[in-house]
file input05.csv (CSV, C-alpha atoms and all ligand atoms)
chain,number,residue,atom,x,y,z
A,88,MET,CA,-8.6,-14.5,20.4
A,89,GLN,CA,-10.9,-14.0,17.4
A,90,THR,CA,-10.0,-15.6,14.0
A,91,LEU,CA,-10.3,-13.8,10.7
A,92,THR,CA,-13.4,-15.9,10.0
A,93,GLN,CA,-15.0,-14.7,13.2
A,94,VAL,CA,-14.1,-11.0,12.6
A,95,LEU,CA,-15.4,-11.1,9.0
A,96,ALA,CA,-18.6,-12.8,10.2
A,97,SER,CA,-19.1,-9.9,12.7
A,98,GLN,CA,-19.0,-7.3,10.0
A,99,PRO,CA,-21.9,-6.4,7.7
A,100,LEU,CA,-20.3,-7.9,4.6
A,101,ASN,CA,-21.9,-10.0,1.9
A,102,ALA,CA,-20.9,-13.6,1.6
A,103,SER,CA,-19.1,-13.2,-1.7
A,104,LEU,CA,-16.8,-10.4,-0.4
A,105,THR,CA,-16.0,-12.5,2.7
A,106,GLN,CA,-15.0,-15.3,0.4
A,107,VAL,CA,-12.7,-13.1,-1.7
A,108,ILE,CA,-11.0,-11.9,1.5
A,109,HIS,CA,-10.5,-15.5,2.6
A,110,THR,CA,-9.1,-16.3,-0.8
A,111,LEU,CA,-6.5,-13.5,-0.5
A,112,ALA,CA,-5.7,-14.4,3.1
A,113,ASN,CA,-5.2,-18.1,2.3
A,114,SER,CA,-3.0,-17.3,-0.6
A,115,ALA,CA,-1.0,-15.0,1.6
A,116,LYS,CA,-0.4,-17.9,4.0
A,117,ASP,CA,1.1,-19.9,1.1
A,118,ILE,CA,3.2,-16.8,0.0
A,119,SER,CA,4.4,-16.5,3.6
A,120,SER,CA,5.7,-20.1,3.5
A,121,ALA,CA,7.4,-19.5,0.1
A,122,VAL,CA,9.1,-16.3,1.4
A,123,ARG,CA,10.2,-18.1,4.6
A,124,GLN,CA,11.8,-20.9,2.5
A,125,GLY,CA,14.0,-18.3,1.0
A,126,ALA,CA,17.2,-19.6,-0.5
A,127,LEU,CA,16.3,-23.1,0.5
A,128,ALA,CA,13.5,-23.1,-2.2
A,129,GLY,CA,15.9,-21.7,-4.8
A,130,VAL,CA,13.6,-18.7,-5.3
A,131,LEU,CA,15.9,-15.8,-4.7
A,132,GLY,CA,17.7,-13.6,-7.2
A,133,ALA,CA,16.6,-11.8,-10.4
A,134,THR,CA,15.3,-13.4,-13.6
A,135,GLU,CA,16.1,-12.1,-17.1
A,136,GLN,CA,12.6,-10.8,-17.6
A,137,GLU,CA,11.4,-7.2,-17.0
A,138,ASN,CA,7.9,-6.2,-15.9
A,139,VAL,CA,5.7,-3.6,-17.4
A,140,GLN,CA,7.5,-0.8,-15.6
A,141,GLY,CA,10.9,-1.9,-17.0
A,142,GLU,CA,12.2,-3.2,-13.6
A,143,THR,CA,14.0,-6.5,-13.3
A,144,GLN,CA,11.6,-9.0,-11.8
A,145,LYS,CA,12.7,-11.2,-9.0
A,146,LYS,CA,11.9,-14.9,-9.1
A,147,LEU,CA,9.7,-14.5,-6.0
A,148,ASP,CA,7.8,-11.7,-7.7
A,149,ILE,CA,6.7,-14.1,-10.4
A,150,ILE,CA,6.1,-17.0,-8.0
A,151,THR,CA,3.9,-14.9,-5.7
A,152,ASN,CA,2.1,-13.3,-8.6
A,153,ASP,CA,1.2,-16.8,-10.0
A,154,MET,CA,0.1,-18.0,-6.5
A,155,LEU,CA,-2.3,-15.1,-6.2
A,156,LYS,CA,-3.5,-15.4,-9.8
A,157,ASP,CA,-4.2,-19.2,-9.4
A,158,ALA,CA,-6.0,-18.7,-6.1
A,159,LEU,CA,-8.2,-15.8,-7.4
A,160,ALA,CA,-9.0,-17.7,-10.6
A,161,GLN,CA,-10.5,-20.4,-8.5
A,162,ASP,CA,-12.8,-18.0,-6.6
A,163,SER,CA,-16.0,-17.6,-8.6
A,164,HIS,CA,-16.6,-14.1,-7.1
A,165,VAL,CA,-13.5,-12.6,-8.8
A,166,LYS,CA,-14.2,-11.2,-12.2
A,167,ALA,CA,-10.7,-10.0,-13.0
A,168,LEU,CA,-7.4,-9.0,-11.6
A,169,ALA,CA,-4.8,-6.3,-12.2
A,170,SER,CA,-1.3,-7.0,-10.9
A,171,GLU,CA,2.0,-5.0,-10.8
A,172,GLU,CA,3.5,-8.0,-12.5
A,173,GLU,CA,0.9,-8.3,-15.4
A,174,ASP,CA,1.0,-5.8,-18.3
A,175,ASP,CA,-2.8,-6.2,-18.8
A,176,ILE,CA,-5.7,-7.2,-16.7
A,177,VAL,CA,-6.5,-10.9,-16.4
A,178,ALA,CA,-10.1,-11.8,-16.9
A,179,LEU,CA,-11.2,-14.6,-14.6
A,180,ASN,CA,-14.8,-15.5,-13.8
A,181,SER,CA,-17.4,-13.6,-15.9
A,182,GLN,CA,-20.1,-13.9,-13.1
A,183,GLY,CA,-17.8,-12.5,-10.4
A,184,SER,CA,-18.8,-9.4,-8.5
A,185,TYR,CA,-15.3,-8.1,-7.6
A,186,LEU,CA,-12.1,-6.9,-9.2
A,187,VAL,CA,-8.8,-7.4,-7.3
A,188,CYS,CA,-5.7,-5.3,-7.7
A,189,PHE,CA,-2.5,-6.4,-6.1
A,190,ASP,CA,1.2,-5.9,-5.7
A,191,PRO,CA,2.2,-9.6,-5.0
A,192,LEU,CA,5.5,-8.8,-3.4
A,193,ASP,CA,6.1,-5.2,-2.4
A,194,GLY,CA,9.6,-4.1,-1.5
A,195,SER,CA,11.1,-7.0,-3.5
A,196,SER,CA,14.6,-5.4,-3.5
A,197,ASN,CA,14.6,-6.6,0.2
A,198,ILE,CA,14.2,-10.2,-0.8
A,199,ASP,CA,17.9,-10.9,-1.4
A,200,ILE,CA,18.8,-9.4,2.0
A,201,ASN,CA,16.2,-11.4,3.9
A,202,SER,CA,14.4,-8.2,4.9
A,203,LEU,CA,10.8,-7.1,5.1
A,204,VAL,CA,8.4,-7.7,2.1
A,205,GLY,CA,4.7,-7.9,1.8
A,206,THR,CA,1.6,-8.2,-0.4
A,207,ILE,CA,-0.8,-5.3,-0.9
A,208,PHE,CA,-4.3,-5.7,-2.2
A,209,SER,CA,-7.4,-3.7,-3.1
A,210,VAL,CA,-10.9,-5.0,-3.9
A,211,LEU,CA,-13.3,-3.1,-6.1
A,212,PRO,CA,-16.8,-3.8,-7.2
A,213,ALA,CA,-17.0,-5.2,-10.8
A,214,PRO,CA,-19.2,-3.2,-13.2
A,215,ALA,CA,-21.7,-5.3,-15.1
A,216,GLY,CA,-20.9,-6.4,-18.6
A,217,ASP,CA,-17.7,-7.4,-20.3
A,218,VAL,CA,-14.6,-6.7,-18.2
A,219,SER,CA,-11.7,-4.6,-19.5
A,220,ALA,CA,-9.0,-2.4,-18.1
A,221,LYS,CA,-11.6,0.4,-18.0
A,222,SER,CA,-13.6,-1.6,-15.5
A,223,PHE,CA,-10.8,-1.0,-13.0
A,224,LEU,CA,-10.6,2.7,-13.4
A,225,GLN,CA,-12.6,3.6,-10.3
A,226,SER,CA,-11.4,6.0,-7.6
A,227,GLY,CA,-10.1,4.6,-4.3
A,228,ARG,CA,-13.3,5.6,-2.6
A,229,ALA,CA,-15.0,2.7,-4.5
A,230,GLN,CA,-12.8,0.1,-2.7
A,231,VAL,CA,-14.8,-2.4,-0.7
A,232,ALA,CA,-11.8,-3.9,1.0
A,233,ALA,CA,-8.0,-3.3,1.1
A,234,GLY,CA,-5.1,-4.5,3.1
A,235,TYR,CA,-1.6,-5.8,3.2
A,236,VAL,CA,0.2,-8.9,4.5
A,237,LEU,CA,3.6,-8.3,6.0
A,238,TYR,CA,6.1,-11.2,5.8
A,239,GLY,CA,8.4,-10.2,8.7
A,240,PRO,CA,9.5,-11.8,12.0
A,241,SER,CA,5.8,-12.7,12.1
A,242,THR,CA,3.3,-12.7,9.3
A,243,MET,CA,0.6,-10.0,9.8
A,244,LEU,CA,-2.5,-9.0,7.9
A,245,ALA,CA,-3.9,-5.5,8.1
A,246,LEU,CA,-7.4,-5.3,6.7
A,247,THR,CA,-10.1,-2.8,6.2
A,248,THR,CA,-13.6,-3.3,4.8
A,249,GLY,CA,-14.6,0.3,5.7
A,250,HIS,CA,-15.1,-0.6,9.4
A,251,GLY,CA,-11.8,0.5,10.8
A,252,VAL,CA,-8.6,-1.4,10.5
A,253,GLN,CA,-8.1,-4.8,12.0
A,254,LEU,CA,-4.6,-6.3,12.5
A,255,PHE,CA,-4.2,-10.1,12.5
A,256,THR,CA,-1.1,-12.2,13.3
A,257,LEU,CA,-0.6,-15.6,11.6
A,258,ASP,CA,-0.4,-18.2,14.3
A,259,PRO,CA,2.3,-20.6,13.0
A,260,SER,CA,1.0,-23.5,15.1
A,261,THR,CA,-2.6,-23.4,13.6
A,262,ASN,CA,-1.9,-21.4,10.4
A,263,GLU,CA,-4.9,-19.2,11.4
A,264,PHE,CA,-4.9,-15.4,11.3
A,265,LEU,CA,-5.8,-14.2,14.8
A,266,LEU,CA,-7.0,-10.7,15.7
A,267,THR,CA,-4.2,-8.9,17.6
A,268,ASP,CA,-5.4,-5.3,17.2
A,269,ALA,CA,-9.2,-4.7,16.7
A,270,ALA,CA,-8.9,-1.0,15.8
A,271,MET,CA,-5.6,0.3,14.6
A,272,SER,CA,-5.4,4.1,15.1
A,273,ILE,CA,-2.7,6.5,13.8
A,274,SER,CA,-1.7,9.1,16.4
A,275,PRO,CA,-2.3,12.5,14.9
A,276,ASP,CA,1.1,13.8,15.9
A,277,THR,CA,4.5,12.4,15.3
A,278,SER,CA,8.2,13.1,15.2
A,279,GLU,CA,9.2,10.4,12.8
A,280,PHE,CA,9.4,10.7,9.0
A,281,ALA,CA,10.1,8.2,6.1
A,282,ILE,CA,11.5,9.4,2.8
A,283,ASN,CA,14.3,8.3,0.5
A,284,MET,CA,16.7,11.2,1.3
A,285,SER,CA,19.0,10.3,-1.6
A,286,ASN,CA,16.5,11.9,-3.9
A,287,GLN,CA,16.5,15.3,-2.0
A,288,ARG,CA,17.9,17.4,-4.8
A,289,PHE,CA,15.3,16.1,-7.3
A,290,TRP,CA,12.2,16.9,-5.2
A,291,GLU,CA,9.8,19.9,-5.9
A,292,ALA,CA,10.4,23.0,-3.8
A,293,PRO,CA,7.6,22.4,-1.3
A,294,MET,CA,8.9,19.0,-0.3
A,295,GLN,CA,12.5,20.4,-0.1
A,296,SER,CA,11.3,23.1,2.3
A,297,TYR,CA,9.3,20.8,4.4
A,298,ILE,CA,12.1,18.2,4.9
A,299,SER,CA,14.7,21.0,5.5
A,300,ASP,CA,12.5,22.3,8.3
A,301,LEU,CA,12.2,18.8,9.8
A,302,LEU,CA,16.0,18.4,9.6
A,303,LEU,CA,16.5,21.7,11.4
A,304,GLY,CA,14.8,20.1,14.4
A,305,LYS,CA,14.7,22.1,17.6
A,306,ILE,CA,16.5,25.1,16.1
A,307,GLY,CA,14.1,25.3,13.2
A,308,PRO,CA,10.5,26.4,12.8
A,309,ARG,CA,9.2,23.0,14.0
A,310,GLU,CA,11.0,23.5,17.4
A,311,ARG,CA,11.5,19.8,18.0
A,312,ASN,CA,13.8,17.0,16.7
A,313,PHE,CA,12.6,14.5,14.1
A,314,ASN,CA,13.8,10.9,13.6
A,315,MET,CA,14.0,9.2,10.2
A,316,ARG,CA,13.2,5.6,9.2
A,317,TRP,CA,13.3,4.0,5.7
A,318,ILE,CA,12.6,0.3,5.2
A,319,ALA,CA,12.5,0.6,1.4
A,320,ALA,CA,9.3,-1.5,1.3
A,321,MET,CA,6.2,0.6,1.4
A,322,VAL,CA,4.4,-2.2,3.2
A,323,GLY,CA,6.9,-2.0,6.1
A,324,ASP,CA,6.9,1.8,6.3
A,325,VAL,CA,3.1,2.0,6.3
A,326,HIS,CA,2.9,-0.7,8.9
A,327,ARG,CA,5.1,1.3,11.2
A,328,VAL,CA,3.0,4.4,10.6
A,329,LEU,CA,-0.2,2.4,11.5
A,330,CYS,CA,1.5,1.0,14.6
A,331,ARG,CA,3.1,4.1,16.1
A,332,GLY,CA,2.4,7.1,13.8
A,333,GLY,CA,4.7,8.9,11.4
A,334,ILE,CA,4.7,10.4,8.0
A,335,PHE,CA,5.6,8.3,4.9
A,336,THR,CA,6.2,10.0,1.6
A,337,TYR,CA,7.4,9.1,-1.9
A,338,PRO,CA,7.1,12.5,-3.5
A,339,ALA,CA,7.4,13.6,-7.1
A,340,ASP,CA,11.0,14.0,-8.3
A,341,ASN,CA,12.7,15.0,-11.5
A,342,LYS,CA,15.5,12.4,-11.4
A,343,ASP,CA,13.9,10.8,-14.6
A,344,SER,CA,11.7,13.3,-16.4
A,345,LYS,CA,9.7,10.4,-17.9
A,346,LYS,CA,8.9,8.9,-14.4
A,347,PRO,CA,8.1,11.7,-11.9
A,348,PHE,CA,6.4,9.3,-9.4
A,349,LYS,CA,7.4,5.9,-8.1
A,350,LEU,CA,4.4,4.3,-6.4
A,351,ARG,CA,1.4,2.9,-8.2
A,352,LEU,CA,-2.1,4.2,-7.6
A,353,MET,CA,-4.2,1.1,-8.0
A,354,TYR,CA,-2.3,-1.5,-5.9
A,355,GLU,CA,-0.1,0.6,-3.6
A,356,ALA,CA,-1.4,4.1,-2.9
A,357,ASN,CA,-5.2,3.4,-3.0
A,358,PRO,CA,-5.2,0.4,-0.6
A,359,MET,CA,-2.8,2.1,1.8
A,360,ALA,CA,-4.8,5.3,1.7
A,361,PHE,CA,-8.0,3.4,2.5
A,362,LEU,CA,-6.2,1.8,5.5
A,363,VAL,CA,-4.7,5.1,6.6
A,364,GLU,CA,-8.0,7.0,6.4
A,365,GLN,CA,-9.8,4.2,8.3
A,366,ALA,CA,-7.2,4.5,11.0
A,367,GLY,CA,-7.7,8.3,11.3
A,368,GLY,CA,-4.8,9.4,9.2
A,369,VAL,CA,-4.5,11.4,6.0
A,370,ALA,CA,-3.2,10.3,2.5
A,371,SER,CA,-2.6,12.9,-0.2
A,372,THR,CA,-0.4,13.5,-3.3
A,373,GLY,CA,0.4,17.0,-1.9
A,374,TYR,CA,-2.4,18.5,-4.1
A,375,GLU,CA,-5.2,15.9,-4.1
A,376,THR,CA,-6.6,13.4,-1.7
A,377,ILE,CA,-5.4,10.0,-2.9
A,378,LEU,CA,-8.8,8.3,-2.6
A,379,ASP,CA,-10.4,11.0,-4.8
A,380,ILE,CA,-8.1,10.5,-7.8
A,381,GLU,CA,-9.9,9.3,-10.9
A,382,PRO,CA,-7.4,6.7,-12.4
A,383,GLN,CA,-6.5,6.9,-16.1
A,384,HIS,CA,-4.5,3.7,-16.3
A,385,ILE,CA,-4.2,0.5,-14.2
A,386,HIS,CA,-0.4,1.0,-13.8
A,387,GLU,CA,-0.6,4.8,-13.1
A,388,ARG,CA,1.9,6.2,-10.6
A,389,VAL,CA,1.3,8.9,-8.0
A,390,ALA,CA,3.1,11.0,-5.4
A,391,VAL,CA,2.2,9.8,-1.9
A,392,ILE,CA,2.2,11.6,1.4
A,393,LEU,CA,0.5,9.7,4.2
A,394,GLY,CA,0.3,9.1,7.9
A,395,SER,CA,-0.4,11.1,11.1
A,396,ALA,CA,-3.1,13.7,10.3
A,397,ASN,CA,-1.5,16.8,11.8
A,398,GLU,CA,1.9,16.0,10.3
A,399,VAL,CA,0.6,15.3,6.8
A,400,ASN,CA,-1.5,18.5,7.0
A,401,ALA,CA,1.7,20.4,8.1
A,402,CYS,CA,3.4,19.0,5.0
A,403,LEU,CA,0.4,20.0,2.8
A,404,GLU,CA,0.7,23.6,4.0
A,405,TYR,CA,4.1,23.7,2.3
A,406,HIS,CA,2.2,22.6,-0.9
A,407,GLY,CA,-0.2,25.5,-0.6
A,408,GLN,CA,-3.0,23.4,0.8
A,409,HIS,CA,-4.6,25.1,3.8
A,410,TYR,CA,-6.7,22.7,5.7
A,411,ASP,CA,-8.3,25.2,8.0
A,412,ASP,CA,-9.8,26.9,5.0
A,413,GLN,CA,-11.5,23.7,4.0
A,414,GLU,CA,-13.7,23.2,7.1
A,415,PRO,CA,-17.3,22.9,6.0
A,416,GLU,CA,-19.3,26.1,6.5
A,417,CYS,CA,-22.0,25.9,9.2
B,1,LIG,O1,7.1,-0.8,-4.8
B,1,LIG,C1,8.0,0.3,-4.8
B,1,LIG,C2,8.9,0.3,-3.6
B,1,LIG,O2,9.6,-0.8,-3.5
B,1,LIG,C3,8.1,0.6,-2.3
B,1,LIG,O3,7.8,-0.6,-1.6
B,1,LIG,C4,9.2,1.4,-1.5
B,1,LIG,O4,8.6,2.3,-0.6
B,1,LIG,C5,10.0,2.1,-2.6
B,1,LIG,O5,9.7,1.4,-3.8
B,1,LIG,C6,11.4,2.1,-2.3
B,1,LIG,O6,12.0,3.0,-3.1
B,1,LIG,P1,13.6,3.3,-3.2
B,1,LIG,O7,14.2,2.1,-3.9
B,1,LIG,O8,13.7,4.6,-3.8
B,1,LIG,O9,14.1,3.3,-1.7
B,2,MN,MN,5.5,-2.4,-4.5
call {"tool": "encode", "arguments": {"input": "input05.csv", "output": "structure tokens", "more": "lines below"}}
Ligand code: F6P
Ligand code: MN
result
Amino acid sequence: MQTLTQVLASQPLNASLTQVIHTLANSAKDISSAVRQGALAGVLGATEQENVQGETQKKLDIITNDMLKDALAQDSHVKALASEEEDDIVALNSQGSYLVCFDPLDGSSNIDINSLVGTIFSVLPAPAGDVSAKSFLQSGRAQVAAGYVLYGPSTMLALTTGHGVQLFTLDPSTNEFLLTDAAMSISPDTSEFAINMSNQRFWEAPMQSYISDLLLGKIGPRERNFNMRWIAAMVGDVHRVLCRGGIFTYPADNKDSKKPFKLRLMYEANPMAFLVEQAGGVASTGYETILDIEPQHIHERVAVILGSANEVNACLEYHGQHYDDQEPEC
């Protein structure tokens, strides 16, 4: 079985990007151990602090953020980082060629119930000159690598550097990531959807209609039954979509008029969209391709609809997006 080192060596990557990916992967191994220690390490439960989005931070959110920050600070190729748990960017090595955005522990409400959590990361090229938050405001198309690490029954790394999506499993006996799927591919059709149904009455009309039709199943316009899954950790739901297809969405809602979207563009939507596109799927806000969004803020939030190409496109039809009309003219 190929190791992560061997797989990266087989890709046309420059040495500094390979190094940054190793730094992220090694840090994820340490996070995996911390997560596995759970209550034994006294790391569960909420702290008194709030993060920039006004959510209560869990102890493990802070611990994992610090672990990644320390590891990236020691990698001379990393110029700066942006994290869900940091209000501002953190400047690191002025000579570095890359910027790293991350969500250190996605799905952290799952921590206290010993359920699925993960780390999501995105690597961007660093513009020349002094680094600032503005340096990060590049569209998802600029990403040179992205991925997630899932801390589940086994620890898995899904990675793209723009050459498909490779899935690795952490071998606990050697602490090495070993290649277990060389080319993840999302089936274009699916009968499985993931959405937080409790927000139904707050969604926009197109999403209300789309989900209503899925729920009608065989007796509705879709003429087949759909199944629903919701892990409440994007990393887990997207992993399922990459493994066996599906549609995952966290759409706009008007539950809180000041916060119409939940997921963050730079360290949730963009890296997941890069993986999904590389695996043959589609990732959109309903009105715009996620990877084409020009970010305005490092902590910007967006609506997300991603997964099996035909199903996402079916959902986009409800949003007035007609994909057949967008075929390039010959
Ligand atoms: O990071 C935000 C997040 O935890 C995602 O991982 C997940 O998909 C979503 O929020 C869960 O939202 P809710 O609490 O509405 O189920
Ligand atoms: Mn998250």
call {"tool": "atom_distance", "arguments": {"input": "input05.csv", "atom1": "CA of Glu387 in chain A", "atom2": "CA of Ser299 in chain A"}}
result
29.0 Å
call {"tool": "residues_around", "arguments": {"input": "input05.csv", "residues": "range 276-289 of chain A", "least_positions_apart": "4", "cutoff": "9 Å", "atoms": "all atoms listed in the file", "output": "ChimeraX atom specification"}}
result
/A:294-295,298,301,311-319,324,328,331-342,395-398
call {"tool": "closest_residue", "arguments": {"input": "input05.csv", "among": "A:Ser114, A:Gln98, A:Asn180, A:Thr206", "to": "ligand MN 2 (chain B)", "atoms": "all atoms listed in the file"}}
result
A:Thr206
call {"tool": "closest_atom_pairs", "arguments": {"input": "input05.csv", "of": "chain A", "to": "ligand LIG 1 (chain B)", "cutoff": "7 Å", "atoms": "only C-alpha atoms and all ligand atoms", "output": "Markdown table"}}
result
| residue | atom | partner | partner_atom | distance |
| --- | --- | --- | --- | --- |
| A:Asp193 | CA | B:LIG1 | O3 | 5.0 |
| A:Gly194 | CA | B:LIG1 | O2 | 3.9 |
| A:Ser195 | CA | B:LIG1 | O2 | 6.4 |
| A:Ser196 | CA | B:LIG1 | O2 | 6.8 |
| A:Asn283 | CA | B:LIG1 | O9 | 5.5 |
| A:Ala319 | CA | B:LIG1 | C6 | 4.1 |
| A:Ala320 | CA | B:LIG1 | O3 | 3.4 |
| A:Met321 | CA | B:LIG1 | O4 | 3.6 |
| A:Val322 | CA | B:LIG1 | O3 | 6.1 |
| A:Lys349 | CA | B:LIG1 | C1 | 6.5 |
| A:Leu350 | CA | B:LIG1 | C1 | 5.6 |
call {"tool": "closest_residue", "arguments": {"input": "input05.csv", "among": "A:Asn113, A:Ser97, A:Thr90, A:Ser170", "to": "ligand MN 2 (chain B)", "atoms": "all atoms listed in the file"}}
result
A:Ser170
call {"tool": "atom_distance", "arguments": {"input": "input05.csv", "atom1": "CA of Gln408 in chain A", "atom2": "CA of Asp300 in chain A"}}
result
17.3 Å
call {"tool": "atom_distance", "arguments": {"input": "input05.csv", "atom1": "CA of Asn197 in chain A", "atom2": "CA of Asp258 in chain A"}}
result
23.6 Å
call {"tool": "residues_around", "arguments": {"input": "input05.csv", "residues": "Gln225 in chain A", "least_positions_apart": "4", "cutoff": "7 Å", "atoms": "only C-alpha atoms", "output": "list of chain:residue names"}}
result
A:Ala229, A:Glu381, A:Pro382
call {"tool": "closest_residue", "arguments": {"input": "input05.csv", "among": "A:Phe255, A:Ala169, A:Phe223, A:Ala356", "to": "ligand MN 2 (chain B)", "atoms": "all atoms listed in the file"}}
result
A:Ala356
call {"tool": "residues_near_point", "arguments": {"input": "input05.csv", "point": "(6.9, -14.8, 1.5)", "cutoff": "9 Å", "atoms": "only C-alpha atoms", "output": "PyMOL selection string"}}
result
chain A and resi 115-125+147+151+192+198+204-206+237-239+242
call {"tool": "decode", "arguments": {"input": "input05.csv", "residues": "range 190-203 of chain A", "atoms": "N, CA, C and O atoms", "output": "PDB file, in the first residue's frame"}}
result
ATOM      1  N   ASP A 190     -10.438  24.815   9.526  1.00  0.00           N
ATOM      2  CA  ASP A 190     -11.395  24.626  10.611  1.00  0.00           C
ATOM      3  C   ASP A 190     -10.786  23.487  11.419  1.00  0.00           C
ATOM      4  O   ASP A 190     -10.791  22.335  10.973  1.00  0.00           O
ATOM      5  N   PRO A 191     -10.203  23.790  12.594  1.00  0.00           N
ATOM      6  CA  PRO A 191      -9.432  22.759  13.281  1.00  0.00           C
ATOM      7  C   PRO A 191     -10.267  21.566  13.731  1.00  0.00           C
ATOM      8  O   PRO A 191      -9.786  20.432  13.720  1.00  0.00           O
ATOM      9  N   LEU A 192     -11.514  21.839  14.136  1.00  0.00           N
ATOM     10  CA  LEU A 192     -12.355  20.730  14.589  1.00  0.00           C
ATOM     11  C   LEU A 192     -13.800  20.980  14.159  1.00  0.00           C
ATOM     12  O   LEU A 192     -14.593  21.576  14.887  1.00  0.00           O
ATOM     13  N   ASP A 193     -14.093  20.521  12.954  1.00  0.00           N
ATOM     14  CA  ASP A 193     -15.439  20.695  12.411  1.00  0.00           C
ATOM     15  C   ASP A 193     -16.400  19.736  13.120  1.00  0.00           C
ATOM     16  O   ASP A 193     -16.034  18.616  13.467  1.00  0.00           O
ATOM     17  N   GLY A 194     -17.622  20.219  13.307  1.00  0.00           N
ATOM     18  CA  GLY A 194     -18.658  19.385  13.946  1.00  0.00           C
ATOM     19  C   GLY A 194     -18.435  19.267  15.440  1.00  0.00           C
ATOM     20  O   GLY A 194     -18.770  18.250  16.050  1.00  0.00           O
ATOM     21  N   SER A 195     -17.884  20.320  16.045  1.00  0.00           N
ATOM     22  CA  SER A 195     -17.428  20.165  17.434  1.00  0.00           C
ATOM     23  C   SER A 195     -18.561  19.928  18.432  1.00  0.00           C
ATOM     24  O   SER A 195     -18.307  19.488  19.549  1.00  0.00           O
ATOM     25  N   SER A 196     -19.821  20.159  18.015  1.00  0.00           N
ATOM     26  CA  SER A 196     -20.916  19.812  18.934  1.00  0.00           C
ATOM     27  C   SER A 196     -21.015  18.295  19.098  1.00  0.00           C
ATOM     28  O   SER A 196     -21.695  17.796  19.980  1.00  0.00           O
ATOM     29  N   ASN A 197     -20.327  17.554  18.228  1.00  0.00           N
ATOM     30  CA  ASN A 197     -20.308  16.094  18.338  1.00  0.00           C
ATOM     31  C   ASN A 197     -19.303  15.587  19.365  1.00  0.00           C
ATOM     32  O   ASN A 197     -19.320  14.412  19.723  1.00  0.00           O
ATOM     33  N   ILE A 198     -18.415  16.486  19.818  1.00  0.00           N
ATOM     34  CA  ILE A 198     -17.329  16.034  20.687  1.00  0.00           C
ATOM     35  C   ILE A 198     -17.867  15.369  21.952  1.00  0.00           C
ATOM     36  O   ILE A 198     -17.442  14.273  22.323  1.00  0.00           O
ATOM     37  N   ASP A 199     -18.804  16.056  22.604  1.00  0.00           N
ATOM     38  CA  ASP A 199     -19.256  15.579  23.904  1.00  0.00           C
ATOM     39  C   ASP A 199     -20.069  14.299  23.834  1.00  0.00           C
ATOM     40  O   ASP A 199     -20.352  13.686  24.860  1.00  0.00           O
ATOM     41  N   ILE A 200     -20.456  13.897  22.616  1.00  0.00           N
ATOM     42  CA  ILE A 200     -21.193  12.640  22.486  1.00  0.00           C
ATOM     43  C   ILE A 200     -20.335  11.594  21.775  1.00  0.00           C
ATOM     44  O   ILE A 200     -20.849  10.601  21.274  1.00  0.00           O
ATOM     45  N   ASN A 201     -19.024  11.826  21.749  1.00  0.00           N
ATOM     46  CA  ASN A 201     -18.083  10.865  21.165  1.00  0.00           C
ATOM     47  C   ASN A 201     -18.489  10.475  19.745  1.00  0.00           C
ATOM     48  O   ASN A 201     -18.500   9.305  19.384  1.00  0.00           O
ATOM     49  N   SER A 202     -18.863  11.489  18.978  1.00  0.00           N
ATOM     50  CA  SER A 202     -19.276  11.229  17.599  1.00  0.00           C
ATOM     51  C   SER A 202     -18.297  11.906  16.635  1.00  0.00           C
ATOM     52  O   SER A 202     -17.336  12.544  17.050  1.00  0.00           O
ATOM     53  N   LEU A 203     -18.614  11.776  15.334  1.00  0.00           N
ATOM     54  CA  LEU A 203     -17.668  12.160  14.293  1.00  0.00           C
ATOM     55  C   LEU A 203     -17.282  13.650  14.286  1.00  0.00           C
ATOM     56  O   LEU A 203     -18.145  14.517  14.349  1.00  0.00           O
TER      57      LEU A 203
END
